[in-house]
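Worksheet: the structure to be examined is printed underneath.
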Amino acid sequence: MDGKMELNDIGQMIFNVWDEIPKYYDGIDIDEFQIMPNHIHGIVIIKNKTGKHGIKAGRHGDLPVHEPKRGLSLPDVMERFKSLTTKKYIDGVKLNNWKPFNKRLWQRNYYEHVIRDENDLKCTREYIINNPIKWEMDEYYK
């Protein structure tokens with residue numbers, strides 16, 4: 001409404017799940033986020049992990065080495081986000097009479113863009129923030 005999204009209960013649930021991502025997933029942070037009637041936009045920040053130190057025997061004696069810890073990847077984060085919101089939506093259908101979705105709540109894939117510098121981050125944030133203003137131009141706008 002007037003270029004701003006007004007969230008219903010479903011939108012609020014999706015926002016809450018997104019907002020809690022850093023609370024449950026070490027090494028993951030979030031930035032700008034926007035819920036649209038038929039899609040979402042968000043920035044996921046995957047922080048660098050420091051490896052654990054170990055000792056590896058080599059030709060010249062014992063040398064300290066880094067054994068990188070595997071952190072969550074973007075596909076991991078998105079899969080967990082989609083799974084949890086789908087489960088919560090199904091609960092809302094059963095408990096709160098939310099309208100059931102047809103077949104699947106989320107599309108199979110998603111568009112990703114690696115943000116390479118501060119200018120790219122600034123432009124991406126602006127795009128996300130301004131997306132509701134462009135909603136009436138969306139092909140699915142009704």
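Residue numbers start at 1 in each chain; chains themselves are named A, B, ... in the order of the structure tokens; ligands are numbered from 1 in the order shown.
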Might you pull out every residue within 9 Å of stretch 78-81 of chain A, with only C-alpha atoms counted and same-chain residues fewer than 3 positions away left off, and present them as a VMD selection string?
-> chain A and resid 14 17 to 18 21 73 to 75 84 to 86 110
Write out, as a short mmCIF file (atom, residue, chain, number, x, y, z; two decimals), in the first residue's frame, the residues just selected, with N, CA and C atoms.
```cif
data_model
loop_
_atom_site.label_atom_id
_atom_site.label_comp_id
_atom_site.auth_asym_id
_atom_site.auth_seq_id
_atom_site.Cartn_x
_atom_site.Cartn_y
_atom_site.Cartn_z
N ILE A 14 7.08 -15.26 8.00
CA ILE A 14 8.26 -15.36 7.13
C ILE A 14 9.32 -14.36 7.58
N VAL A 17 11.06 -15.68 10.79
CA VAL A 17 12.01 -16.76 10.52
C VAL A 17 13.30 -16.19 9.93
N TRP A 18 13.17 -15.27 8.98
CA TRP A 18 14.35 -14.64 8.39
C TRP A 18 15.16 -13.92 9.46
N ILE A 21 17.53 -16.02 11.65
CA ILE A 21 18.60 -16.82 11.04
C ILE A 21 19.92 -16.69 11.80
N SER A 73 26.55 -23.09 3.83
CA SER A 73 26.63 -22.40 2.54
C SER A 73 25.30 -21.70 2.29
N LEU A 74 25.24 -20.87 1.27
CA LEU A 74 23.98 -20.22 0.92
C LEU A 74 22.88 -21.25 0.62
N PRO A 75 23.16 -22.30 -0.16
CA PRO A 75 22.11 -23.30 -0.37
C PRO A 75 21.62 -23.94 0.95
N LEU A 84 11.67 -24.48 7.10
CA LEU A 84 11.04 -24.00 8.33
C LEU A 84 9.81 -23.16 8.03
N THR A 85 9.88 -22.27 7.04
CA THR A 85 8.70 -21.47 6.72
C THR A 85 7.57 -22.33 6.15
N THR A 86 7.92 -23.36 5.39
CA THR A 86 6.89 -24.26 4.87
C THR A 86 6.20 -25.00 6.01
N TYR A 110 16.45 -20.37 -6.64
CA TYR A 110 16.42 -18.97 -6.27
C TYR A 110 17.51 -18.27 -7.06
#
```
Residue contacts of stretch 114-125 of chain A (7 Å, only C-alpha atoms) excluding same-chain residues fewer than 3 positions away, as a PyMOL selection string = chain A and resi 32+128-129
Give the answer as one residue: which of A:Tyr25, A:Ile90, A:Glu20, A:Ile133 has the shortest atom-to-atom distance to A:Lys103, using only C-alpha atoms?
->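 When distances to A:Lys103 are compared using only C-alpha atoms, the smallest one comes from A:Ile90.
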Rounded to one decimal in Å, what is the spacing between atom CA of A:Gly11 and atom CA of A:Val77?
->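 Between atom CA of A:Gly11 and atom CA of A:Val77 the gap is 18.7 Å.
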Å distance separating atom CA of A:Gly92 from atom CA of A:Gly3, one decimal place | 27.3 Å
Using only C-alpha atoms, the residue out of A:Ile28, A:Met1, A:Ile45, A:Val93 with shortest distance to A:Trp135 is A:Met1
Could you pull out the strand (DSSP E) residues of chain A from DSSP and send them as a ChimeraX atom specification?
-> /A:28-35,40-46,52-58,61-67
Just the selected residues (N, CA and C atoms), exported as a PDB file, in the first residue's frame, please.
```
ATOM      1  N   ILE A  28      26.509 -16.996  10.077  1.00  0.00           N
ATOM      2  CA  ILE A  28      25.570 -16.447   9.101  1.00  0.00           C
ATOM      3  C   ILE A  28      24.955 -15.189   9.688  1.00  0.00           C
ATOM      4  N   ASP A  29      24.907 -14.153   8.888  1.00  0.00           N
ATOM      5  CA  ASP A  29      24.238 -12.923   9.285  1.00  0.00           C
ATOM      6  C   ASP A  29      23.308 -12.511   8.150  1.00  0.00           C
ATOM      7  N   ILE A  30      22.426 -11.582   8.426  1.00  0.00           N
ATOM      8  CA  ILE A  30      21.488 -11.102   7.420  1.00  0.00           C
ATOM      9  C   ILE A  30      21.612  -9.596   7.311  1.00  0.00           C
ATOM     10  N   ASP A  31      21.156  -9.082   6.214  1.00  0.00           N
ATOM     11  CA  ASP A  31      21.184  -7.655   5.946  1.00  0.00           C
ATOM     12  C   ASP A  31      19.785  -7.277   5.472  1.00  0.00           C
ATOM     13  N   GLU A  32      19.683  -6.453   4.478  1.00  0.00           N
ATOM     14  CA  GLU A  32      18.388  -5.962   4.000  1.00  0.00           C
ATOM     15  C   GLU A  32      17.498  -7.127   3.580  1.00  0.00           C
ATOM     16  N   PHE A  33      16.191  -6.974   3.811  1.00  0.00           N
ATOM     17  CA  PHE A  33      15.220  -8.022   3.493  1.00  0.00           C
ATOM     18  C   PHE A  33      13.904  -7.366   3.124  1.00  0.00           C
ATOM     19  N   GLN A  34      13.220  -7.919   2.132  1.00  0.00           N
ATOM     20  CA  GLN A  34      11.924  -7.390   1.723  1.00  0.00           C
ATOM     21  C   GLN A  34      11.016  -8.538   1.305  1.00  0.00           C
ATOM     22  N   ILE A  35       9.834  -8.557   1.857  1.00  0.00           N
ATOM     23  CA  ILE A  35       8.821  -9.528   1.464  1.00  0.00           C
ATOM     24  C   ILE A  35       7.903  -8.852   0.457  1.00  0.00           C
ATOM     25  N   ILE A  40      10.538 -12.871  -2.346  1.00  0.00           N
ATOM     26  CA  ILE A  40      11.284 -12.139  -1.311  1.00  0.00           C
ATOM     27  C   ILE A  40      12.630 -11.718  -1.889  1.00  0.00           C
ATOM     28  N   HIS A  41      13.223 -10.725  -1.258  1.00  0.00           N
ATOM     29  CA  HIS A  41      14.592 -10.318  -1.551  1.00  0.00           C
ATOM     30  C   HIS A  41      15.322 -10.260  -0.225  1.00  0.00           C
ATOM     31  N   GLY A  42      16.549 -10.739  -0.185  1.00  0.00           N
ATOM     32  CA  GLY A  42      17.312 -10.655   1.049  1.00  0.00           C
ATOM     33  C   GLY A  42      18.793 -10.811   0.798  1.00  0.00           C
ATOM     34  N   ILE A  43      19.548 -10.265   1.718  1.00  0.00           N
ATOM     35  CA  ILE A  43      21.004 -10.393   1.665  1.00  0.00           C
ATOM     36  C   ILE A  43      21.436 -11.289   2.816  1.00  0.00           C
ATOM     37  N   VAL A  44      22.147 -12.363   2.477  1.00  0.00           N
ATOM     38  CA  VAL A  44      22.708 -13.288   3.456  1.00  0.00           C
ATOM     39  C   VAL A  44      24.210 -13.049   3.486  1.00  0.00           C
ATOM     40  N   ILE A  45      24.743 -12.884   4.679  1.00  0.00           N
ATOM     41  CA  ILE A  45      26.178 -12.678   4.846  1.00  0.00           C
ATOM     42  C   ILE A  45      26.771 -13.945   5.439  1.00  0.00           C
ATOM     43  N   ILE A  46      27.703 -14.539   4.717  1.00  0.00           N
ATOM     44  CA  ILE A  46      28.387 -15.731   5.200  1.00  0.00           C
ATOM     45  C   ILE A  46      29.751 -15.284   5.701  1.00  0.00           C
ATOM     46  N   LYS A  52      40.280 -24.843  12.746  1.00  0.00           N
ATOM     47  CA  LYS A  52      40.866 -25.302  14.004  1.00  0.00           C
ATOM     48  C   LYS A  52      42.307 -25.703  13.732  1.00  0.00           C
ATOM     49  N   HIS A  53      43.136 -25.561  14.708  1.00  0.00           N
ATOM     50  CA  HIS A  53      44.544 -25.926  14.540  1.00  0.00           C
ATOM     51  C   HIS A  53      44.730 -27.407  14.817  1.00  0.00           C
ATOM     52  N   GLY A  54      45.585 -27.996  14.037  1.00  0.00           N
ATOM     53  CA  GLY A  54      45.899 -29.396  14.251  1.00  0.00           C
ATOM     54  C   GLY A  54      47.391 -29.606  14.030  1.00  0.00           C
ATOM     55  N   ILE A  55      47.839 -30.777  14.198  1.00  0.00           N
ATOM     56  CA  ILE A  55      49.254 -31.102  13.974  1.00  0.00           C
ATOM     57  C   ILE A  55      49.314 -32.181  12.897  1.00  0.00           C
ATOM     58  N   LYS A  56      50.147 -31.936  11.917  1.00  0.00           N
ATOM     59  CA  LYS A  56      50.318 -32.904  10.849  1.00  0.00           C
ATOM     60  C   LYS A  56      51.795 -33.237  10.749  1.00  0.00           C
ATOM     61  N   ALA A  57      52.115 -34.518  10.778  1.00  0.00           N
ATOM     62  CA  ALA A  57      53.518 -34.928  10.666  1.00  0.00           C
ATOM     63  C   ALA A  57      53.947 -34.806   9.219  1.00  0.00           C
ATOM     64  N   GLY A  58      55.107 -34.245   9.023  1.00  0.00           N
ATOM     65  CA  GLY A  58      55.616 -34.068   7.671  1.00  0.00           C
ATOM     66  C   GLY A  58      57.087 -34.442   7.611  1.00  0.00           C
ATOM     67  N   GLY A  61      59.252 -32.658  10.215  1.00  0.00           N
ATOM     68  CA  GLY A  61      58.753 -32.642  11.579  1.00  0.00           C
ATOM     69  C   GLY A  61      57.276 -32.278  11.626  1.00  0.00           C
ATOM     70  N   ASP A  62      56.815 -32.034  12.834  1.00  0.00           N
ATOM     71  CA  ASP A  62      55.411 -31.710  13.027  1.00  0.00           C
ATOM     72  C   ASP A  62      55.150 -30.235  12.696  1.00  0.00           C
ATOM     73  N   LEU A  63      54.195 -30.004  11.813  1.00  0.00           N
ATOM     74  CA  LEU A  63      53.853 -28.643  11.393  1.00  0.00           C
ATOM     75  C   LEU A  63      52.392 -28.356  11.741  1.00  0.00           C
ATOM     76  N   PRO A  64      52.117 -27.175  12.282  1.00  0.00           N
ATOM     77  CA  PRO A  64      50.710 -26.836  12.506  1.00  0.00           C
ATOM     78  C   PRO A  64      50.012 -26.627  11.172  1.00  0.00           C
ATOM     79  N   VAL A  65      48.795 -27.107  11.061  1.00  0.00           N
ATOM     80  CA  VAL A  65      48.007 -26.919   9.834  1.00  0.00           C
ATOM     81  C   VAL A  65      46.604 -26.466  10.219  1.00  0.00           C
ATOM     82  N   HIS A  66      45.950 -25.833   9.275  1.00  0.00           N
ATOM     83  CA  HIS A  66      44.546 -25.449   9.464  1.00  0.00           C
ATOM     84  C   HIS A  66      43.666 -26.503   8.809  1.00  0.00           C
ATOM     85  N   GLU A  67      42.720 -26.979   9.552  1.00  0.00           N
ATOM     86  CA  GLU A  67      41.704 -27.873   9.008  1.00  0.00           C
ATOM     87  C   GLU A  67      40.414 -27.076   9.017  1.00  0.00           C
TER      88      GLU A  67
END
```
So which one's closest to A:Gly71, A:Met36, A:Gly27, A:Tyr111, A:Asn102? Using only C-alpha atoms, please.
->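 Using only C-alpha atoms, the shortest distance to A:Gly71 belongs to A:Gly27.
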Point-to-point distance in Å for atom CA of A:Asp138 and atom CA of A:Asp2 |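 It comes out at 15.1 Å.
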Just list the residues in stretch 74-117 of chain A DSSP gives helix (DSSP H, G or I) on the backbone, as a PyMOL selection string.
-> chain A and resi 74-96
Using only C-alpha atoms, find the one residue out of A:Leu105, A:Met13, A:Leu95, A:Leu7 that sits nearest to A:Pro37.
->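 Distance minimum relative to A:Pro37 lands on A:Leu7.
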